[in-house]
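Structure file work-v7.pdb (PDB, C-alpha atoms and all ligand atoms) is printed below.
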```pdb
ATOM      1  CA  MET A   1      47.184  53.096  18.063
ATOM      2  CA  ARG A   2      43.844  51.327  17.736
ATOM      3  CA  ILE A   3      43.395  47.959  19.421
ATOM      4  CA  ILE A   4      40.980  45.514  17.848
ATOM      5  CA  GLY A   5      39.196  42.712  19.682
ATOM      6  CA  ALA A   6      39.649  39.444  17.777
ATOM      7  CA  VAL A   7      37.785  36.142  18.044
ATOM      8  CA  ASP A   8      38.765  32.936  16.247
ATOM      9  CA  ILE A   9      36.022  30.322  16.594
ATOM     10  CA  GLY A  10      36.906  26.708  15.837
ATOM     11  CA  GLY A  11      34.968  23.496  16.357
ATOM     12  CA  THR A  12      37.247  22.553  19.282
ATOM     13  CA  LYS A  13      38.534  25.797  20.757
ATOM     14  CA  THR A  14      37.879  29.512  20.610
ATOM     15  CA  ALA A  15      40.779  31.961  20.810
ATOM     16  CA  VAL A  16      40.245  35.599  21.733
ATOM     17  CA  GLY A  17      42.811  38.360  21.551
ATOM     18  CA  ALA A  18      43.699  42.014  21.506
ATOM     19  CA  VAL A  19      45.373  42.826  18.185
ATOM     20  CA  SER A  20      47.103  46.052  17.176
ATOM     21  CA  GLU A  21      46.196  47.790  13.933
ATOM     22  CA  SER A  22      49.515  46.568  12.521
ATOM     23  CA  GLY A  23      48.609  42.927  13.163
ATOM     24  CA  ALA A  24      50.524  42.207  16.380
ATOM     25  CA  VAL A  25      48.651  39.858  18.733
ATOM     26  CA  LEU A  26      49.124  41.623  22.090
ATOM     27  CA  GLU A  27      47.002  39.388  24.317
ATOM     28  CA  ARG A  28      45.669  35.904  23.717
ATOM     29  CA  LEU A  29      43.208  33.704  25.651
ATOM     30  CA  GLU A  30      41.763  30.357  24.715
ATOM     31  CA  ARG A  31      38.899  28.143  25.928
ATOM     32  CA  PRO A  32      37.043  25.122  24.576
ATOM     33  CA  THR A  33      34.242  26.128  22.180
ATOM     34  CA  ALA A  34      32.012  23.331  23.580
ATOM     35  CA  PRO A  35      29.521  23.891  20.729
ATOM     36  CA  ARG A  36      27.005  21.402  22.146
ATOM     37  CA  GLU A  37      26.457  23.620  25.196
ATOM     38  CA  GLY A  38      24.765  25.979  22.766
ATOM     39  CA  PHE A  39      25.364  29.269  20.979
ATOM     40  CA  ALA A  40      24.319  31.524  23.889
ATOM     41  CA  ALA A  41      26.701  29.850  26.352
ATOM     42  CA  ALA A  42      29.584  30.062  23.862
ATOM     43  CA  MET A  43      28.897  33.772  23.264
ATOM     44  CA  ARG A  44      28.846  34.383  27.041
ATOM     45  CA  ARG A  45      32.301  32.794  27.347
ATOM     46  CA  THR A  46      33.548  34.745  24.310
ATOM     47  CA  LYS A  47      32.369  38.062  25.790
ATOM     48  CA  GLU A  48      34.065  37.246  29.112
ATOM     49  CA  MET A  49      37.301  36.500  27.279
ATOM     50  CA  LEU A  50      37.029  39.723  25.247
ATOM     51  CA  ARG A  51      36.565  41.779  28.427
ATOM     52  CA  GLU A  52      39.598  40.052  29.956
ATOM     53  CA  ALA A  53      41.721  40.624  26.816
ATOM     54  CA  ALA A  54      40.784  44.334  26.813
ATOM     55  CA  ARG A  55      41.629  44.605  30.517
ATOM     56  CA  ARG A  56      45.033  42.958  30.032
ATOM     57  CA  ALA A  57      45.800  45.173  27.031
ATOM     58  CA  GLY A  58      44.662  48.236  28.997
ATOM     59  CA  ALA A  59      42.581  49.346  26.031
ATOM     60  CA  GLU A  60      39.081  49.897  24.765
ATOM     61  CA  PHE A  61      38.486  48.013  21.537
ATOM     62  CA  ALA A  62      38.033  50.144  18.410
ATOM     63  CA  GLY A  63      36.025  47.282  16.944
ATOM     64  CA  ILE A  64      35.714  43.499  17.011
ATOM     65  CA  GLY A  65      36.520  41.016  14.231
ATOM     66  CA  VAL A  66      35.403  37.398  14.300
ATOM     67  CA  ALA A  67      36.689  34.476  12.226
ATOM     68  CA  CYS A  68      34.174  31.618  12.080
ATOM     69  CA  PRO A  69      33.799  28.477   9.982
ATOM     70  CA  GLY A  70      31.130  28.826   7.274
ATOM     71  CA  PRO A  71      28.515  28.818   6.043
ATOM     72  CA  LEU A  72      27.584  32.179   7.542
ATOM     73  CA  ASP A  73      26.193  35.500   6.355
ATOM     74  CA  PRO A  74      29.060  38.020   6.633
ATOM     75  CA  PHE A  75      26.677  41.002   6.427
ATOM     76  CA  THR A  76      24.117  40.018   9.067
ATOM     77  CA  GLY A  77      26.504  37.912  11.219
ATOM     78  CA  ILE A  78      24.076  34.968  11.246
ATOM     79  CA  VAL A  79      25.633  31.507  11.490
ATOM     80  CA  GLY A  80      24.472  28.873   8.966
ATOM     81  CA  ASP A  81      24.452  25.099   9.250
ATOM     82  CA  VAL A  82      28.126  24.659  10.237
ATOM     83  CA  GLY A  83      29.168  20.989  10.543
ATOM     84  CA  THR A  84      31.531  21.619  13.479
ATOM     85  CA  LEU A  85      29.093  23.951  15.322
ATOM     86  CA  PRO A  86      25.910  21.877  15.665
ATOM     87  CA  GLY A  87      22.878  23.765  16.949
ATOM     88  CA  TRP A  88      24.317  27.215  16.246
ATOM     89  CA  GLN A  89      22.311  27.802  13.068
ATOM     90  CA  GLY A  90      20.490  31.150  13.231
ATOM     91  CA  GLY A  91      22.677  32.577  16.032
ATOM     92  CA  ASN A  92      23.769  36.197  15.427
ATOM     93  CA  ILE A  93      27.403  36.817  16.406
ATOM     94  CA  VAL A  94      27.507  40.469  15.323
ATOM     95  CA  ASP A  95      24.401  41.730  17.169
ATOM     96  CA  ASP A  96      25.438  40.017  20.378
ATOM     97  CA  LEU A  97      28.934  41.571  20.397
ATOM     98  CA  GLU A  98      27.805  45.033  19.252
ATOM     99  CA  ASP A  99      25.179  45.173  22.029
ATOM    100  CA  GLU A 100      27.759  44.195  24.625
ATOM    101  CA  PHE A 101      30.709  46.365  23.593
ATOM    102  CA  GLY A 102      29.069  49.272  21.752
ATOM    103  CA  VAL A 103      31.460  49.091  18.768
ATOM    104  CA  ASP A 104      31.180  47.710  15.234
ATOM    105  CA  ALA A 105      31.652  43.956  14.981
ATOM    106  CA  VAL A 106      32.439  42.085  11.777
ATOM    107  CA  VAL A 107      32.325  38.345  11.101
ATOM    108  CA  GLU A 108      33.941  36.590   8.150
ATOM    109  CA  ASN A 109      34.521  33.024   7.037
ATOM    110  CA  ASP A 110      37.750  31.860   8.702
ATOM    111  CA  ALA A 111      39.545  31.117   5.417
ATOM    112  CA  ASP A 112      38.701  34.637   4.190
ATOM    113  CA  CYS A 113      40.101  36.087   7.437
ATOM    114  CA  ALA A 114      43.363  34.178   7.027
ATOM    115  CA  ALA A 115      43.548  35.277   3.382
ATOM    116  CA  LEU A 116      43.131  38.938   4.398
ATOM    117  CA  ALA A 117      45.844  38.593   7.053
ATOM    118  CA  GLU A 118      48.324  36.854   4.738
ATOM    119  CA  ALA A 119      47.610  39.389   1.966
ATOM    120  CA  ASN A 120      48.330  42.357   4.229
ATOM    121  CA  TRP A 121      50.744  41.159   6.878
ATOM    122  CA  GLY A 122      52.069  37.791   5.691
ATOM    123  CA  ALA A 123      53.192  35.688   2.750
ATOM    124  CA  ALA A 124      51.302  37.616   0.054
ATOM    125  CA  LYS A 125      52.176  41.226   0.855
ATOM    126  CA  GLY A 126      52.179  43.133  -2.443
ATOM    127  CA  SER A 127      50.363  40.379  -4.322
ATOM    128  CA  SER A 128      47.351  41.600  -6.296
ATOM    129  CA  ARG A 129      45.879  38.208  -7.295
ATOM    130  CA  PHE A 130      46.142  36.009  -4.265
ATOM    131  CA  LEU A 131      44.622  32.715  -3.146
ATOM    132  CA  TYR A 132      44.998  31.390   0.395
ATOM    133  CA  VAL A 133      44.322  27.664   0.687
ATOM    134  CA  THR A 134      44.043  25.849   4.014
ATOM    135  CA  ILE A 135      44.326  22.051   4.100
ATOM    136  CA  SER A 136      43.458  20.503   7.455
ATOM    137  CA  THR A 137      40.259  18.761   8.662
ATOM    138  CA  GLY A 138      38.644  20.348   5.623
ATOM    139  CA  ILE A 139      39.929  22.355   2.657
ATOM    140  CA  GLY A 140      39.000  26.022   2.352
ATOM    141  CA  ALA A 141      40.236  29.034   0.450
ATOM    142  CA  GLY A 142      40.007  32.815   0.384
ATOM    143  CA  ILE A 143      40.464  34.894  -2.751
ATOM    144  CA  ILE A 144      41.911  38.432  -2.651
ATOM    145  CA  LEU A 145      41.860  40.473  -5.866
ATOM    146  CA  SER A 146      43.473  43.938  -5.908
ATOM    147  CA  GLY A 147      43.231  44.122  -2.116
ATOM    148  CA  GLN A 148      39.544  43.208  -2.048
ATOM    149  CA  LEU A 149      38.016  40.004  -0.746
ATOM    150  CA  TYR A 150      36.198  38.183  -3.519
ATOM    151  CA  ARG A 151      32.582  37.367  -2.585
ATOM    152  CA  GLY A 152      29.989  35.386  -4.456
ATOM    153  CA  VAL A 153      26.362  36.417  -4.850
ATOM    154  CA  ASP A 154      24.763  37.723  -1.622
ATOM    155  CA  GLY A 155      28.185  37.566   0.045
ATOM    156  CA  ALA A 156      28.487  33.786  -0.352
ATOM    157  CA  HIS A 157      31.942  32.325   0.251
ATOM    158  CA  PRO A 158      33.183  30.192  -2.677
ATOM    159  CA  GLU A 159      33.812  26.617  -1.491
ATOM    160  CA  ILE A 160      36.900  25.703  -3.470
ATOM    161  CA  GLY A 161      37.509  22.634  -1.277
ATOM    162  CA  HIS A 162      34.422  21.030  -2.776
ATOM    163  CA  GLN A 163      35.522  21.190  -6.430
ATOM    164  CA  ALA A 164      34.966  17.678  -7.802
ATOM    165  CA  LEU A 165      38.167  15.983  -9.003
ATOM    166  CA  ASP A 166      37.202  12.301  -9.331
ATOM    167  CA  CYS A 167      33.560  11.322  -9.834
ATOM    168  CA  SER A 168      34.343   7.776  -8.684
ATOM    169  CA  GLY A 169      35.942   9.056  -5.456
ATOM    170  CA  PRO A 170      34.606   8.980  -1.879
ATOM    171  CA  LEU A 171      31.170  10.458  -1.208
ATOM    172  CA  CYS A 172      31.420  13.815   0.625
ATOM    173  CA  TYR A 173      28.824  15.405   2.904
ATOM    174  CA  CYS A 174      28.538  18.133   0.246
ATOM    175  CA  GLY A 175      26.861  15.597  -2.068
ATOM    176  CA  ALA A 176      29.744  15.213  -4.541
ATOM    177  CA  ARG A 177      31.931  12.192  -5.050
ATOM    178  CA  GLY A 178      35.655  12.817  -5.095
ATOM    179  CA  CYS A 179      35.651  16.511  -4.240
ATOM    180  CA  TRP A 180      39.063  17.947  -3.255
ATOM    181  CA  GLU A 181      38.278  17.831   0.478
ATOM    182  CA  SER A 182      37.148  14.185   0.300
ATOM    183  CA  LEU A 183      40.441  13.262  -1.376
ATOM    184  CA  ALA A 184      43.102  15.495   0.155
ATOM    185  CA  SER A 185      42.017  16.687   3.632
ATOM    186  CA  GLY A 186      43.771  15.190   6.688
ATOM    187  CA  PRO A 187      40.848  12.829   7.442
ATOM    188  CA  ALA A 188      40.751  11.789   3.748
ATOM    189  CA  MET A 189      44.416  10.795   3.937
ATOM    190  CA  ALA A 190      43.770   8.881   7.179
ATOM    191  CA  SER A 191      40.724   7.120   5.785
ATOM    192  CA  TRP A 192      42.515   6.006   2.584
ATOM    193  CA  THR A 193      45.438   4.644   4.627
ATOM    194  CA  GLY A 194      43.010   2.841   6.975
ATOM    195  CA  GLU A 195      41.321   1.161   3.993
ATOM    196  CA  GLN A 196      44.665  -0.121   2.718
ATOM    197  CA  ARG A 197      45.789  -1.459   6.104
ATOM    198  CA  PRO A 198      42.800  -1.913   8.455
ATOM    199  CA  GLU A 199      44.934  -3.792  11.006
ATOM    200  CA  ALA A 200      46.944  -0.601  11.712
ATOM    201  CA  GLY A 201      43.942   0.915  13.535
ATOM    202  CA  GLU A 202      42.922   4.556  13.215
ATOM    203  CA  LEU A 203      45.837   6.784  12.268
ATOM    204  CA  THR A 204      45.870  10.564  11.968
ATOM    205  CA  ALA A 205      47.403  12.406   9.025
ATOM    206  CA  ALA A 206      50.204  13.608  11.349
ATOM    207  CA  GLN A 207      50.997  10.003  12.361
ATOM    208  CA  ILE A 208      51.032   8.905   8.716
ATOM    209  CA  CYS A 209      53.507  11.719   7.926
ATOM    210  CA  ASP A 210      55.757  10.561  10.790
ATOM    211  CA  MET A 211      55.602   6.986   9.477
ATOM    212  CA  ALA A 212      56.493   8.195   5.976
ATOM    213  CA  ARG A 213      59.566   9.960   7.364
ATOM    214  CA  ARG A 214      60.625   6.631   8.887
ATOM    215  CA  GLY A 215      60.223   4.951   5.489
ATOM    216  CA  ASP A 216      56.970   3.005   6.020
ATOM    217  CA  PRO A 217      55.996   1.894   2.470
ATOM    218  CA  LEU A 218      52.219   2.400   2.863
ATOM    219  CA  ALA A 219      52.681   5.809   4.510
ATOM    220  CA  LEU A 220      54.986   6.789   1.631
ATOM    221  CA  ARG A 221      52.240   5.817  -0.846
ATOM    222  CA  ALA A 222      49.716   7.842   1.186
ATOM    223  CA  VAL A 223      52.022  10.859   1.060
ATOM    224  CA  GLU A 224      52.538  10.462  -2.704
ATOM    225  CA  ARG A 225      48.772  10.242  -3.198
ATOM    226  CA  GLU A 226      48.249  13.324  -1.012
ATOM    227  CA  GLY A 227      50.835  15.295  -3.026
ATOM    228  CA  GLU A 228      49.142  14.222  -6.266
ATOM    229  CA  TYR A 229      45.699  15.397  -5.127
ATOM    230  CA  ILE A 230      47.017  18.639  -3.604
ATOM    231  CA  GLY A 231      48.713  19.275  -6.955
ATOM    232  CA  LEU A 232      45.550  18.455  -8.904
ATOM    233  CA  GLY A 233      43.367  20.879  -6.914
ATOM    234  CA  LEU A 234      46.004  23.613  -7.088
ATOM    235  CA  SER A 235      46.392  23.057 -10.836
ATOM    236  CA  ASN A 236      42.676  23.760 -11.296
ATOM    237  CA  LEU A 237      43.026  26.975  -9.286
ATOM    238  CA  ILE A 238      46.063  28.093 -11.295
ATOM    239  CA  THR A 239      44.390  27.279 -14.610
ATOM    240  CA  MET A 240      41.213  29.147 -13.618
ATOM    241  CA  PHE A 241      42.663  32.163 -11.776
ATOM    242  CA  VAL A 242      46.356  32.415 -12.830
ATOM    243  CA  PRO A 243      47.110  34.078  -9.463
ATOM    244  CA  ASP A 244      50.512  35.623  -8.749
ATOM    245  CA  THR A 245      50.625  33.963  -5.313
ATOM    246  CA  ILE A 246      49.077  30.948  -3.610
ATOM    247  CA  ALA A 247      49.848  30.524   0.110
ATOM    248  CA  LEU A 248      49.150  27.176   1.753
ATOM    249  CA  GLY A 249      48.182  26.855   5.421
ATOM    250  CA  GLY A 250      46.398  24.416   7.744
ATOM    251  CA  GLY A 251      47.513  21.418   9.792
ATOM    252  CA  VAL A 252      48.362  19.129   6.852
ATOM    253  CA  MET A 253      50.756  21.785   5.528
ATOM    254  CA  LYS A 254      52.904  21.439   8.650
ATOM    255  CA  SER A 255      54.303  18.501   6.653
ATOM    256  CA  ALA A 256      54.412  20.450   3.373
ATOM    257  CA  ASP A 257      57.946  19.189   2.644
ATOM    258  CA  LEU A 258      56.455  15.705   2.114
ATOM    259  CA  PHE A 259      53.905  16.859  -0.480
ATOM    260  CA  LEU A 260      55.102  19.930  -2.319
ATOM    261  CA  ASP A 261      57.596  18.377  -4.749
ATOM    262  CA  ARG A 262      54.910  16.033  -6.022
ATOM    263  CA  ALA A 263      52.306  18.808  -6.127
ATOM    264  CA  ARG A 264      54.657  21.064  -8.114
ATOM    265  CA  ALA A 265      55.355  18.222 -10.572
ATOM    266  CA  VAL A 266      51.594  17.799 -11.150
ATOM    267  CA  ILE A 267      51.243  21.548 -11.742
ATOM    268  CA  ARG A 268      54.106  21.497 -14.271
ATOM    269  CA  ARG A 269      52.546  18.489 -16.016
ATOM    270  CA  ILE A 270      48.971  19.700 -16.421
ATOM    271  CA  CYS A 271      48.924  23.518 -16.161
ATOM    272  CA  THR A 272      50.031  23.901 -19.755
ATOM    273  CA  GLN A 273      47.559  26.528 -20.937
ATOM    274  CA  VAL A 274      48.606  29.337 -18.588
ATOM    275  CA  PRO A 275      51.979  30.712 -17.401
ATOM    276  CA  ALA A 276      51.836  28.525 -14.272
ATOM    277  CA  GLU A 277      55.542  29.070 -13.576
ATOM    278  CA  LYS A 278      54.673  32.676 -12.688
ATOM    279  CA  THR A 279      52.413  31.610  -9.807
ATOM    280  CA  HIS A 280      54.459  31.771  -6.625
ATOM    281  CA  LEU A 281      53.465  28.764  -4.486
ATOM    282  CA  THR A 282      54.451  29.367  -0.891
ATOM    283  CA  LEU A 283      53.511  28.582   2.701
ATOM    284  CA  ALA A 284      51.365  30.836   4.867
ATOM    285  CA  SER A 285      53.664  32.793   7.164
ATOM    286  CA  LEU A 286      51.580  33.969  10.122
ATOM    287  CA  GLY A 287      51.563  30.655  11.988
ATOM    288  CA  PRO A 288      49.407  30.148  15.081
ATOM    289  CA  ASP A 289      48.409  33.832  15.273
ATOM    290  CA  ALA A 290      46.880  33.807  11.785
ATOM    291  CA  GLY A 291      43.341  33.255  13.107
ATOM    292  CA  LEU A 292      43.346  36.234  15.476
ATOM    293  CA  ALA A 293      45.302  38.472  13.089
ATOM    294  CA  GLY A 294      42.827  37.484  10.367
ATOM    295  CA  ALA A 295      39.811  38.308  12.520
ATOM    296  CA  ALA A 296      41.281  41.751  13.273
ATOM    297  CA  ARG A 297      42.127  42.280   9.610
ATOM    298  CA  ALA A 298      38.533  41.425   8.655
ATOM    299  CA  TRP A 299      37.391  44.311  10.866
ATOM    300  CA  ILE A 300      39.955  46.688   9.321
ATOM    301  CA  HIS A 301      38.923  45.533   5.835
ATOM    302  CA  ARG A 302      35.245  46.235   6.424
ATOM    303  CA  ALA A 303      35.048  48.986   9.043
ATOM    304  CA  LEU A 304      38.011  51.028   7.791
ATOM    305  CA  ARG A 305      37.715  49.838   4.164
ATOM    306  CA  GLY A 306      41.227  48.435   4.407
ATOM    307  CA  GLN A 307      42.922  51.724   5.205
ATOM    308  CA  GLU A 308      45.735  51.548   7.705
ATOM    309  CA  ILE A 309      45.872  54.414  10.128
TER     310      ILE A 309
HETATM  311 ZN    ZN B   1      32.708  17.937  -0.754
END
```
Before we go any further, please render this structure as structure tokens.
Amino acid sequence: MRIIGAVDIGGTKTAVGAVSESGAVLERLERPTAPREGFAAAMRRTKEMLREAARRAGAEFAGIGVACPGPLDPFTGIVGDVGTLPGWQGGNIVDDLEDEFGVDAVVENDADCAALAEANWGAAKGSSRFLYVTISTGIGAGIILSGQLYRGVDGAHPEIGHQALDCSGPLCYCGARGCWESLASGPAMASWTGEQRPEAGELTAAQICDMARRGDPLALRAVEREGEYIGLGLSNLITMFVPDTIALGGGVMKSADLFLDRARAVIRRICTQVPAEKTHLTLASLGPDAGLAGAARAWIHRALRGQEI
């Protein structure tokens, strides 16, 4: 059985693991990413963790897959101007790991990695038109068509979270007003609630969800609004792609029970031009291991062209 080295880079922490070719996370280590200490220092820590994961698994890695927030170039491995990784622009993840370990390394946008993992090992097994959508600090998505990852021109990752929904909405760093992320991400929910009740101080989306469960009227309105905007963004995706499955992941979806009824009602109301009832809307199923499993799956997808051994 091949063992794949997996790296899941986030703005706060980096997880590293040894993953089997069937998607089982055999070993897992985690350290702060500390992006401000620089790209080279972070790569040094990542390589140390990879060596430790290989030692614990008692294996040589067949290859290494890396999940990283975009923008990035999946073919060269060069990091772009990533908001949560300041100062990393121009760093080459692939070259650094290939030099160190002498195997092929592959880097993909983290939402694409999760989409590949869910499509092969999770909620969308057997689905041929699949969208994975993650709603957390930001909103991202990966598109899998007939087993293949959809890429834009020059390998660009489509940024579905920045589809504009309300041109009078909040201004996003992307330049648009009222894009999906600016209306329905966790911070968007927190910021709207803070505007309505400034005296409550800064609340997180998770705290607002807890308050809604206790019946707080403003938190209930925030949850309704969140469900409406989740439904609106998903309706656009269903109308444009008519996928057979959409799986939802990310921190905000830990409280999916608070939003999904409303979101489904929006979809029923406005997705009238396509057979929307045939799109199976479900939750991502791989949980906390999705990042590492996704990184490993990205390597399988590229290096082995998706073939299981
Ligand atoms: Zn935006």
To test your reading of the syntax: which residues would the PyMOL selection byres (((not hetatm)) within 8 of (chain B and resi 1)) return for the file shown? Reply as a PyMOL selection string. chain A and resi 161-164+171-182
Hey, what comes out of the PyMOL selection byres (((chain A and resi 103-107) around 7) and not hetatm) on this file? Could you write it as a PyMOL selection string? chain A and resi 62-67+74+77+94+97-98+101-102+108+298-299
Output, as lines of an AutoDock Vina configuration file, the centre and edge lengths in Å (one decimal) of the axis-aligned box that contains all listed atoms of segment 70-76 of chain A with 3 Å of margin on each side.
```
center_x = 27.6
center_y = 34.9
center_z = 7.6
size_x = 13.0
size_y = 18.2
size_z = 9.0
```
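The two atoms in question, atom CA of Pro288 of chain A and atom CA of Met189 of chain A, are spaced 22.9 Å apart.
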For the provided coordinates, the residues matched by the PyMOL selection byres (((chain A and resi 148-152) around 12) and not hetatm) should be stated as a VMD selection string. chain A and resid 73 to 75 108 to 109 111 to 117 119 to 120 127 to 132 141 to 147 153 to 160 297 to 298 300 to 302 305 to 307
Of the residues A:Pro32, A:Gly5, A:Gly227, A:Gly38, which is the one nearest to Arg51 of chain A, using only C-alpha atoms?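 Ranking A:Pro32, A:Gly5, A:Gly227, A:Gly38 by distance to Arg51 of chain A, first place goes to A:Gly5.
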May I have the residues within 6 Å of segment 235-241 of chain A as a list in words, using only C-alpha atoms and disregarding those fewer than 2 positions away in the same chain?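 Final neighbour list, sorted by chain and number: Gly231, Leu232, Gly233, Pro243, Ile267 and Cys271 of chain A.
When all atoms listed in the file are used to measure the gap to Asp261 of chain A, the shortest distance among A:Ala184, A:Gln89, A:Asp244, A:Ile230 belongs to A:Ile230.
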